[in-house]
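Step one of this worksheet: look at the structure below.
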Amino acid sequence: MSDEETNSWPVALIVFLILITGMLVAGDSLDTDKEVLLNLKVFFEGNNQINRGKYSQWNKQSNNPCEWPGINCSTTTRTARVTSIDLSDNKISGKLFGNFSLLTELSFLDLSKNTLSGVIPEDLNRCQNLVHLNLSHNILDGHLNLTGLNKLEKLDISVNRICGEVQLSLPTICDKLVVLNISANNFMGVINGSFDTCQNLQFLDLSSNKLSGELWIGFERLLEFFASENNFNRPILSSMFGTNCNLQVLELCENGFTGQVPGNISNCRNLVILNLLSNNFTGKIPAEMGSISSLQTLYLGNNSFSNDIPDSLLSLNNLTFLDLSRNNFGGNIQEIFGKFTQVKFLVLHSNLYIGGIYTSGILKLPNISILDLSFNKFSGPLPVEISEMPSLKFLILAYNEFSGTIPSEYGNLSRLQALDLSFNWLNGSIPPTFGKLRSLLWLMLANNSLSGEIPPDLGNCTSLLWLNLANNQLSGKIPPQLTNIGTNASATFESNRWENDRIVGGSGECLAMQRWIPANYPPFSFVYDILTRKSCRSLWDWILEGNDIFPICAAGLSGRTFQIPGYVQLSGNRLSGEVPPDIGNMQKFSMLHLGFNEFYGKLPPQIEEMPLVVLNISNNKFSGEIPGEIGNIKCLQNLDLSCNNFSGMFPASFNNLSELSKFNISYNPLMSGVIPITGQLSTFEKSSYLGDPLLELPNFIDNTSYKLPRSTNGNHDGKTKRPNSSSAFLVLLALILTLLTFGSFSLIIGIAGPKIWE
């Protein structure tokens with residue numbers, strides 16, 4: 001018998017057994033492992049007809065499974081065996097494979113970051129050599145039973161939909177378990193004693209579940225413990241912090257813990273991060289915290305701590321992040337905050353402060369990178385002295401009562417990446433000196449009373465990706481230079497990746513994210529369906545580092561590409577003139593909102609070059625034909641052209657917008673043409689076509705009504721705007737009806753008007 005025949009007969013025998021039994025058979029050779037992997041490949045390919053991962057390359061370049069992508073074999077035994085499968089982030093959907101246990105030497109299995117669904121099969125509980133199991137970031141559900149995996153050292157099933165009680169789900173013998181992450185699931189019940197036998201456990205993450213009762217009293221011997229976003233509601237006992245506390249990270253935020261924080265938390269002398277945000281703690285902040293010399297990050301916001309901040313905290317020389325937001329502190333900012341010279345991130349938003357910005361001394365803190373004083377009751381002019389804080393990157397003063405003009409000196413903050421002055425009583429013009437802010441990513445000036453023209457100097461802000469000037473009294477044209485914003489933010493993102501002064505995700509940043517990244521608009525909206533505090537921090541960090549995480553349809557490309565999409569929000573002003581053709585250069589922006597202004601003339605066809613998902617130009621005076629090129633914006637989901645003077649034929653290309661979910665062409669009475677009876681446009685209701693009597697609609701859409709909408713432009717000064725006029729009789733009729741119903745307007749579709757997102 002030849003060598004080739006000798007090597008092939010075991011495979012043939014296995015195939016024969018599969019054929020006659022209909023099942024795979026466990027073996028003790030690389031050949032049997034190979035057949036199991038080929039069966040796994042067939043299983044995955046059957047569930048994933050397109051967008052297949054690297055498993056589809058198995059057995060093509062090489063017959064040796066040890067050389068297949070994602071597969072590793074043992075090198076310590078006499079006979080090679082498959083010991084590791086890593087198919088993370090491989091676009092795998094469908095159920096989990098039910099025969100992993102046939103790989104009898106398998107010790108490492110990573111199927112994370114896919115879309116696997118259904119229950120975890122019982123077979124996985126028989127993989128008794130598994131040391132590392134990662135099924136995180138899928139959509140697995142049902143109860144978990146891994147009680148037989150006694151060799152596990154690392155188990156990560158986070159971000160799924162798994163339910164049940166913790167103590168009934170985990171290995172019966174867990175003395176080898178080092179890392180356990182079951183966060184972002186649907187586990188419930190109590191955890192008392194669940195981990196007592198896990199003597200080597202160092203990292204435990206229970207956050208974002210439905211666990212209740214008391215904390216596990218043994219958490220002090222861990223290095224990192226996360227129990228945030230659950231239903232724990234008992235006091236934290238002093239006995240939980242013994243003299244042998246090893247904790248470096250303790251996160252208990254967003255529960256219902258009550259009472260005082262025990263002073264002997266200071267026994268955890270290695271603590272680096274302490275997060276007690278969003279509970280019901282009362283009384284004084286324990287002075288003993290000042291002895292935790294390793295402490296770098298302290299989150300105490302959204303509680304009911306006493307106004308008296310202990311001086312001992314000033315001894316925390318390594319403290320860089322201090323959050324005391326939402327504690328109902330009133331009056332002036334406590335003077336002690338001006339003595340935290342070591343702090344880089346100071347978060348005091350959502351209190352009841354009315355003064356003390358100067359007297360507290362916080363404007364003289366030399367290392368401040370983030371200053372968040374939003375949602376307070378500060379009034380008077382903006383402090384010019386802020387411009388003398390050379391390390392400042394994020395200045396958040398929104399939702400106060402500041403008045404007067406914006407100091408031009410703020411243009412000297414060369415490291416500034418975010419400036420949020422929205423929802424105040426500011427007036428005057430936007431300082432042209434802002435054009436010097438080359439690192440600026442966010443400029444949020446909405447809902448003030450700013451006037452004058454948009455300074456062309458803003459075009460020098462090549463990092464500026466998120467611009468919101470909505471609901472002011474700005475006038476004049478869009479300067480062509482503004483189309484240069486956001487063209488090159490790479491230097492800013494690069495600095496965020498490599499500088500030691502990394503931005504830390506905390507309560508202030510997560511709150512700001514929900515204002516700055518609009519939840520009601522795609523492509524951002526999907527984020528908020530799965531947003532937890534932890535994922536908020538992760539997403540925030542990803543954005544600040546310039547990671548491309550949103551799918552965008554770029555002009556000229558057949559499929560989607562990933563990038564960070566910007567937006568321009570100019571609605572609710574008095575801007576006029578024509579939109580510059582250079583707008584096609586704004587290829588980093590997916591949202592353009594120009595509604596409720598006085599723009600006129602033709603809409604430039606170059607707008608098709610923008611990777612838009614949202615386009616709103618409602619309530620202006622645009623005229624002429626609607627550019628058919630808009631029909632080429634493949635990812636467009638929200639389109640509002642209502643209340644303008646468009647005329648001519650309705651673009652047939654709009655029926656190519658297969659992802660369009662919100663559409664309004666109402667009150668363009670000179671628009672004519674036929675709406676197809678099939679395709680995307682036929683799926684919209686009558687409210688999308690009101691006041692367009694020359695449009696021929698399918699019979700199942702009634703468009704006989706010609707009542708003008710009543711709507712509010714969302715401005716805080718109460719001014720209203722009317723649909724545009726023309727000399728034609730129908731438009732004259734529209735004007736008469738408008739005058740009769742003059743007052744508040746209300747858009748019919750769900751696309752937001754000029755009111756700023758919150």
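Numbering starts fresh at 1 for the residues of each chain in the structure tokens, the chains themselves are lettered A, B, ... in the order given, and ligands are numbered from 1 as they appear.
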
Fewer than 5 positions away in the same chain doesn't count, so skip those; otherwise give me all residues within 6 Å of segment 576-592 of chain A, counting only C-alpha atoms, as a ChimeraX atom specification. /A:476-477,480,483,565-568,598-601,604,606-607,609-615

Could you write those residues out with C-alpha atoms, as a compact mmCIF listing (two decimals), in the first residue's frame?
# COMPACT_ATOMS: atom_id res chain seq x y z
CA GLY A 476 -26.30 86.43 4.85
CA LYS A 477 -25.03 83.71 2.56
CA PRO A 480 -18.02 79.17 0.04
CA THR A 483 -17.25 73.93 2.52
CA PRO A 565 -19.89 61.13 9.35
CA GLY A 566 -20.14 64.81 10.16
CA TYR A 567 -23.13 67.10 10.05
CA VAL A 568 -23.98 70.73 9.35
CA GLU A 598 -34.51 82.16 3.37
CA PHE A 599 -32.31 80.39 0.84
CA TYR A 600 -33.34 80.87 -2.78
CA GLY A 601 -32.31 79.92 -6.28
CA PRO A 604 -26.77 72.81 -6.90
CA GLN A 606 -23.10 68.91 -6.83
CA ILE A 607 -24.94 68.01 -3.65
CA GLU A 609 -21.20 64.26 -4.03
CA MET A 610 -22.05 64.39 -0.32
CA PRO A 611 -22.59 60.97 1.33
CA LEU A 612 -25.88 62.19 2.74
CA VAL A 613 -28.22 60.17 4.90
CA VAL A 614 -30.31 63.19 5.94
CA LEU A 615 -31.10 66.20 3.74

When you look at Leu247 of chain A with a cut-off of 12 Å (counting only C-alpha atoms), what residues show up, excluding the ones that are within fewer than 4 positions of it in the same chain? I need them as a PyMOL selection string. chain A and resi 201-204+218-226+240-243+251+265-274+292+294-295

Exercise: Thr359 of chain A partners within 10 Å, only C-alpha atoms, chain neighbours under 5 positions left out, as a compact mmCIF listing (two decimals) with N, CA, C and O atoms, in the first residue's frame:
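Written out: result09.txt:
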# COMPACT_ATOMS: atom_id res chain seq x y z
N ASN A 332 -22.42 79.11 45.00
CA ASN A 332 -21.17 79.26 44.27
C ASN A 332 -20.40 77.94 44.23
O ASN A 332 -20.51 77.10 45.14
N ILE A 333 -19.60 77.78 43.19
CA ILE A 333 -18.71 76.62 43.11
C ILE A 333 -17.79 76.63 44.33
O ILE A 333 -17.20 77.66 44.67
N GLN A 334 -17.67 75.49 45.01
CA GLN A 334 -16.85 75.40 46.20
C GLN A 334 -15.39 75.77 45.87
O GLN A 334 -14.84 75.36 44.85
N GLU A 335 -14.81 76.54 46.76
CA GLU A 335 -13.44 77.02 46.53
C GLU A 335 -12.42 75.90 46.48
O GLU A 335 -11.35 76.06 45.87
N GLY A 338 -10.83 74.86 43.10
CA GLY A 338 -9.73 75.64 42.55
C GLY A 338 -8.37 75.22 43.07
O GLY A 338 -7.34 75.75 42.62

Quick one: residues within 9 Å of Phe108 of chain A, only C-alpha atoms counted, chain neighbours fewer than 5 positions away excluded, as a PyMOL selection string? chain A and resi 83-86+129-134

Go ahead and save the residues from that selection, with all heavy atoms, as a PDB file, in the first residue's frame.
ATOM      1  N   THR A  83      -6.126  22.950  18.272  1.00  0.00           N
ATOM      2  CA  THR A  83      -6.355  23.422  19.647  1.00  0.00           C
ATOM      3  C   THR A  83      -7.023  24.792  19.710  1.00  0.00           C
ATOM      4  O   THR A  83      -7.511  25.181  20.772  1.00  0.00           O
ATOM      5  CB  THR A  83      -5.031  23.498  20.414  1.00  0.00           C
ATOM      6  OG1 THR A  83      -4.127  24.370  19.708  1.00  0.00           O
ATOM      7  CG2 THR A  83      -4.396  22.121  20.546  1.00  0.00           C
ATOM      8  N   SER A  84      -7.035  25.528  18.588  1.00  0.00           N
ATOM      9  CA  SER A  84      -7.527  26.910  18.646  1.00  0.00           C
ATOM     10  C   SER A  84      -8.305  27.268  17.394  1.00  0.00           C
ATOM     11  O   SER A  84      -7.868  26.984  16.277  1.00  0.00           O
ATOM     12  CB  SER A  84      -6.347  27.877  18.813  1.00  0.00           C
ATOM     13  OG  SER A  84      -6.763  29.212  18.697  1.00  0.00           O
ATOM     14  N   ILE A  85      -9.467  27.897  17.594  1.00  0.00           N
ATOM     15  CA  ILE A  85     -10.278  28.444  16.498  1.00  0.00           C
ATOM     16  C   ILE A  85     -10.575  29.901  16.837  1.00  0.00           C
ATOM     17  O   ILE A  85     -11.191  30.198  17.867  1.00  0.00           O
ATOM     18  CB  ILE A  85     -11.598  27.680  16.312  1.00  0.00           C
ATOM     19  CG1 ILE A  85     -11.336  26.210  15.973  1.00  0.00           C
ATOM     20  CG2 ILE A  85     -12.446  28.332  15.218  1.00  0.00           C
ATOM     21  CD1 ILE A  85     -12.597  25.377  15.875  1.00  0.00           C
ATOM     22  N   ASP A  86     -10.134  30.809  15.972  1.00  0.00           N
ATOM     23  CA  ASP A  86     -10.405  32.233  16.144  1.00  0.00           C
ATOM     24  C   ASP A  86     -11.087  32.752  14.888  1.00  0.00           C
ATOM     25  O   ASP A  86     -10.451  33.013  13.869  1.00  0.00           O
ATOM     26  CB  ASP A  86      -9.117  33.008  16.403  1.00  0.00           C
ATOM     27  CG  ASP A  86      -9.380  34.492  16.709  1.00  0.00           C
ATOM     28  OD1 ASP A  86     -10.543  34.921  16.595  1.00  0.00           O
ATOM     29  OD2 ASP A  86      -8.422  35.199  17.068  1.00  0.00           O
ATOM     30  N   ASN A 129     -11.837  20.517  27.458  1.00  0.00           N
ATOM     31  CA  ASN A 129     -10.476  21.066  27.457  1.00  0.00           C
ATOM     32  C   ASN A 129     -10.447  22.568  27.187  1.00  0.00           C
ATOM     33  O   ASN A 129      -9.367  23.157  27.099  1.00  0.00           O
ATOM     34  CB  ASN A 129      -9.615  20.339  26.420  1.00  0.00           C
ATOM     35  CG  ASN A 129      -9.198  18.958  26.886  1.00  0.00           C
ATOM     36  OD1 ASN A 129      -8.814  18.783  28.038  1.00  0.00           O
ATOM     37  ND2 ASN A 129      -9.285  17.969  25.994  1.00  0.00           N
ATOM     38  N   LEU A 130     -11.610  23.164  27.047  1.00  0.00           N
ATOM     39  CA  LEU A 130     -11.650  24.604  26.759  1.00  0.00           C
ATOM     40  C   LEU A 130     -11.053  25.403  27.911  1.00  0.00           C
ATOM     41  O   LEU A 130     -11.451  25.244  29.067  1.00  0.00           O
ATOM     42  CB  LEU A 130     -13.079  25.068  26.499  1.00  0.00           C
ATOM     43  CG  LEU A 130     -13.582  25.057  25.054  1.00  0.00           C
ATOM     44  CD1 LEU A 130     -14.999  25.607  24.974  1.00  0.00           C
ATOM     45  CD2 LEU A 130     -12.663  25.858  24.132  1.00  0.00           C
ATOM     46  N   VAL A 131     -10.123  26.278  27.558  1.00  0.00           N
ATOM     47  CA  VAL A 131      -9.506  27.194  28.509  1.00  0.00           C
ATOM     48  C   VAL A 131      -9.979  28.624  28.255  1.00  0.00           C
ATOM     49  O   VAL A 131     -10.157  29.409  29.185  1.00  0.00           O
ATOM     50  CB  VAL A 131      -7.967  27.108  28.416  1.00  0.00           C
ATOM     51  CG1 VAL A 131      -7.309  28.168  29.294  1.00  0.00           C
ATOM     52  CG2 VAL A 131      -7.483  25.719  28.789  1.00  0.00           C
ATOM     53  N   HIS A 132     -10.205  28.943  26.990  1.00  0.00           N
ATOM     54  CA  HIS A 132     -10.598  30.303  26.581  1.00  0.00           C
ATOM     55  C   HIS A 132     -11.840  30.184  25.707  1.00  0.00           C
ATOM     56  O   HIS A 132     -11.808  29.535  24.658  1.00  0.00           O
ATOM     57  CB  HIS A 132      -9.458  30.963  25.805  1.00  0.00           C
ATOM     58  CG  HIS A 132      -9.767  32.323  25.263  1.00  0.00           C
ATOM     59  ND1 HIS A 132      -9.120  33.461  25.701  1.00  0.00           N
ATOM     60  CD2 HIS A 132     -10.640  32.746  24.318  1.00  0.00           C
ATOM     61  CE1 HIS A 132      -9.585  34.505  25.039  1.00  0.00           C
ATOM     62  NE2 HIS A 132     -10.509  34.089  24.192  1.00  0.00           N
ATOM     63  N   LEU A 133     -12.942  30.825  26.117  1.00  0.00           N
ATOM     64  CA  LEU A 133     -14.185  30.825  25.343  1.00  0.00           C
ATOM     65  C   LEU A 133     -14.708  32.247  25.253  1.00  0.00           C
ATOM     66  O   LEU A 133     -14.987  32.882  26.276  1.00  0.00           O
ATOM     67  CB  LEU A 133     -15.228  29.922  25.998  1.00  0.00           C
ATOM     68  CG  LEU A 133     -16.617  29.896  25.336  1.00  0.00           C
ATOM     69  CD1 LEU A 133     -16.525  29.434  23.887  1.00  0.00           C
ATOM     70  CD2 LEU A 133     -17.581  29.010  26.126  1.00  0.00           C
ATOM     71  N   ASN A 134     -14.827  32.754  24.031  1.00  0.00           N
ATOM     72  CA  ASN A 134     -15.309  34.118  23.806  1.00  0.00           C
ATOM     73  C   ASN A 134     -16.433  34.081  22.783  1.00  0.00           C
ATOM     74  O   ASN A 134     -16.215  33.819  21.599  1.00  0.00           O
ATOM     75  CB  ASN A 134     -14.169  35.012  23.313  1.00  0.00           C
ATOM     76  CG  ASN A 134     -14.565  36.490  23.317  1.00  0.00           C
ATOM     77  OD1 ASN A 134     -15.743  36.829  23.411  1.00  0.00           O
ATOM     78  ND2 ASN A 134     -13.581  37.372  23.213  1.00  0.00           N
TER      79      ASN A 134
END

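If you count only C-alpha atoms and ignore residues fewer than 5 places along the chain from Gly46 of chain A, what sits within 12 Å of it is Asn39, Leu40, Lys41, Arg52, Ser56, Ile92, Ser93, Gly94, Lys95 and Phe97 of chain A.
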
Residues of segment 584-625 of chain A classed as strand (DSSP E or B) by DSSP on the backbone are to be reported as a ChimeraX atom specification. /A:589-593,598-601,614-616,621-624

Just-selected residues, all heavy atoms written as a compact mmCIF listing (two decimals), in the first residue's frame:
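Output below, filename selection_18.txt:
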# COMPACT_ATOMS: atom_id res chain seq x y z
N PHE A 589 -19.54 64.57 5.31
CA PHE A 589 -20.75 64.94 6.02
C PHE A 589 -21.94 64.13 5.52
O PHE A 589 -22.18 64.04 4.32
CB PHE A 589 -21.03 66.44 5.84
CG PHE A 589 -19.98 67.31 6.48
CD1 PHE A 589 -18.80 67.61 5.81
CD2 PHE A 589 -20.14 67.77 7.77
CE1 PHE A 589 -17.82 68.38 6.40
CE2 PHE A 589 -19.16 68.55 8.38
CZ PHE A 589 -18.00 68.85 7.69
N SER A 590 -22.68 63.57 6.46
CA SER A 590 -23.83 62.74 6.10
C SER A 590 -25.16 63.40 6.43
O SER A 590 -26.21 62.85 6.12
CB SER A 590 -23.75 61.40 6.84
OG SER A 590 -23.92 61.59 8.22
N MET A 591 -25.13 64.55 7.06
CA MET A 591 -26.36 65.24 7.40
C MET A 591 -26.23 66.72 7.08
O MET A 591 -25.25 67.36 7.49
CB MET A 591 -26.69 65.06 8.88
CG MET A 591 -27.90 65.87 9.33
SD MET A 591 -28.26 65.62 11.07
CE MET A 591 -29.43 66.94 11.34
N LEU A 592 -27.20 67.25 6.36
CA LEU A 592 -27.23 68.67 6.01
C LEU A 592 -28.64 69.18 6.29
O LEU A 592 -29.61 68.74 5.68
CB LEU A 592 -26.88 68.87 4.53
CG LEU A 592 -26.91 70.31 4.02
CD1 LEU A 592 -25.86 71.16 4.74
CD2 LEU A 592 -26.67 70.35 2.51
N HIS A 593 -28.76 70.09 7.25
CA HIS A 593 -30.06 70.63 7.65
C HIS A 593 -30.02 72.14 7.46
O HIS A 593 -29.39 72.86 8.23
CB HIS A 593 -30.34 70.29 9.11
CG HIS A 593 -31.80 70.34 9.46
ND1 HIS A 593 -32.69 71.22 8.88
CD2 HIS A 593 -32.55 69.62 10.35
CE1 HIS A 593 -33.89 71.05 9.38
NE2 HIS A 593 -33.84 70.08 10.28
N GLU A 598 -34.00 81.41 4.52
CA GLU A 598 -34.51 82.16 3.37
C GLU A 598 -33.65 81.93 2.13
O GLU A 598 -33.48 82.83 1.31
CB GLU A 598 -34.58 83.65 3.74
CG GLU A 598 -35.52 83.93 4.91
CD GLU A 598 -35.45 85.37 5.40
OE1 GLU A 598 -34.79 86.19 4.72
OE2 GLU A 598 -36.04 85.66 6.46
N PHE A 599 -33.10 80.73 2.02
CA PHE A 599 -32.31 80.39 0.84
C PHE A 599 -33.19 80.43 -0.40
O PHE A 599 -34.38 80.08 -0.35
CB PHE A 599 -31.69 79.00 1.00
CG PHE A 599 -30.66 78.90 2.08
CD1 PHE A 599 -30.89 78.15 3.23
CD2 PHE A 599 -29.44 79.56 1.96
CE1 PHE A 599 -29.95 78.05 4.23
CE2 PHE A 599 -28.48 79.48 2.96
CZ PHE A 599 -28.74 78.73 4.10
N TYR A 600 -32.58 80.82 -1.52
CA TYR A 600 -33.34 80.87 -2.78
C TYR A 600 -32.45 80.38 -3.91
O TYR A 600 -31.29 80.01 -3.74
CB TYR A 600 -33.83 82.30 -3.05
CG TYR A 600 -32.75 83.35 -3.09
CD1 TYR A 600 -31.93 83.53 -4.22
CD2 TYR A 600 -32.54 84.19 -1.99
CE1 TYR A 600 -30.94 84.50 -4.24
CE2 TYR A 600 -31.56 85.17 -2.01
CZ TYR A 600 -30.76 85.32 -3.14
OH TYR A 600 -29.78 86.27 -3.17
N GLY A 601 -33.04 80.37 -5.10
CA GLY A 601 -32.31 79.92 -6.28
C GLY A 601 -32.34 78.40 -6.41
O GLY A 601 -33.08 77.69 -5.72
N VAL A 614 -29.23 62.26 5.62
CA VAL A 614 -30.31 63.19 5.94
C VAL A 614 -30.09 64.48 5.15
O VAL A 614 -29.01 65.07 5.20
CB VAL A 614 -30.35 63.50 7.45
CG1 VAL A 614 -31.40 64.57 7.74
CG2 VAL A 614 -30.61 62.25 8.26
N LEU A 615 -31.12 64.91 4.44
CA LEU A 615 -31.10 66.20 3.74
C LEU A 615 -32.43 66.90 4.01
O LEU A 615 -33.49 66.40 3.65
CB LEU A 615 -30.91 66.01 2.24
CG LEU A 615 -31.02 67.29 1.38
CD1 LEU A 615 -29.97 68.31 1.80
CD2 LEU A 615 -30.89 66.98 -0.10
N ASN A 616 -32.37 68.04 4.67
CA ASN A 616 -33.56 68.81 4.99
C ASN A 616 -33.34 70.25 4.56
O ASN A 616 -32.49 70.95 5.12
CB ASN A 616 -33.86 68.75 6.49
CG ASN A 616 -35.22 69.34 6.84
OD1 ASN A 616 -35.71 70.25 6.18
ND2 ASN A 616 -35.84 68.81 7.89
N LYS A 621 -36.87 79.16 0.00
CA LYS A 621 -37.41 79.71 -1.24
C LYS A 621 -36.69 79.13 -2.46
O LYS A 621 -36.53 79.80 -3.48
CB LYS A 621 -37.28 81.24 -1.24
CG LYS A 621 -38.00 81.91 -0.08
CD LYS A 621 -37.76 83.42 -0.07
CE LYS A 621 -38.45 84.07 1.11
NZ LYS A 621 -38.21 85.53 1.17
N PHE A 622 -36.24 77.90 -2.33
CA PHE A 622 -35.59 77.25 -3.47
C PHE A 622 -36.57 77.16 -4.63
O PHE A 622 -37.77 76.94 -4.44
CB PHE A 622 -35.10 75.85 -3.08
CG PHE A 622 -33.92 75.86 -2.15
CD1 PHE A 622 -34.06 75.50 -0.82
CD2 PHE A 622 -32.66 76.23 -2.62
CE1 PHE A 622 -32.98 75.51 0.04
CE2 PHE A 622 -31.57 76.24 -1.76
CZ PHE A 622 -31.72 75.88 -0.43
N SER A 623 -36.02 77.31 -5.84
CA SER A 623 -36.87 77.30 -7.04
C SER A 623 -36.19 76.49 -8.14
O SER A 623 -35.09 75.95 -7.96
CB SER A 623 -37.15 78.73 -7.51
OG SER A 623 -35.92 79.40 -7.81
N GLY A 624 -36.87 76.44 -9.28
CA GLY A 624 -36.33 75.67 -10.40
C GLY A 624 -36.57 74.18 -10.20
O GLY A 624 -37.32 73.75 -9.32

Residue neighbourhood Ser74 of chain A, 12 Å, only C-alpha atoms, exclusion window fewer than 3 positions, as a ChimeraX atom specification: /A:29-30,65-66,71,77-85,105-108

Contacts of Asn488 of chain A at 9 Å or less, counting only C-alpha atoms, minus same-chain residues fewer than 5 places along, as a PyMOL selection string? chain A and resi 461-464

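If you look at atom CA of Glu409 of chain A and atom CA of Leu575 of chain A, they are 25.9 Å away from each other.
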
Using backbone DSSP assignments, extract all helix (DSSP H, G or I) residues from segment 280-393 of chain A; output them as JSON, numbers by chain. {"A": [287, 288, 289, 290, 291, 311, 312, 313, 314, 315, 335, 336, 337, 338, 339, 362, 363, 364, 384, 385, 386, 387, 388]}
